[in-house]
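Here's the structure, in structure tokens; my notes come after.
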Amino acid sequence: MSEQRATERTSPRPESLQSGSPYPGRPELLWRHLVGEQLREIRRSRGETLRHVAKRADVSP
């Protein structure tokens with residue numbers, strides 16, 4: 001199996017982002033950070049704490 005084919009199977013990133021950050025000079029953000037920021041923004045706009053969300057989801061905070 002060629003190296004390129006192995007990379008295609010194991011790489012979770014879209015091909016357009018495999019060569020590096022789309023914004024030169026800025027580090028590439030991880031999806032989990034982007035999603036976390038969005039969820040945090042929504043939670044705060046609702047005036048909820050992590051404890052409120054955890055209790056509703058029936059998980060420990």
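Ligands are numbered from 1 in the order shown, chains are lettered A, B, ... in the order of the structure tokens, and residues start at 1 in each chain.
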
Neighbouring residues of Ser60 (chain A) were defined as those with any atom within 9 Å, considering only C-alpha atoms; residues of the same chain fewer than 4 positions away were excluded. Please report them as a PDB file with N, CA and C atoms, in the first residue's frame.
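For reference, part.pdb as written:
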```pdb
ATOM      1  N   ARG A  51     -23.143  23.078  35.576  1.00  0.00           N
ATOM      2  CA  ARG A  51     -23.912  22.210  36.479  1.00  0.00           C
ATOM      3  C   ARG A  51     -25.347  22.035  35.991  1.00  0.00           C
ATOM      4  N   ALA A  54     -25.226  19.704  32.960  1.00  0.00           N
ATOM      5  CA  ALA A  54     -24.881  18.342  33.369  1.00  0.00           C
ATOM      6  C   ALA A  54     -26.062  17.670  34.053  1.00  0.00           C
ATOM      7  N   LYS A  55     -26.765  18.389  34.905  1.00  0.00           N
ATOM      8  CA  LYS A  55     -27.912  17.810  35.605  1.00  0.00           C
ATOM      9  C   LYS A  55     -29.009  17.419  34.610  1.00  0.00           C
TER      10      LYS A  55
END
```

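Interatomic distance, CA of Arg26 (chain A) to CA of Ser45 (chain A): 28.1 Å.
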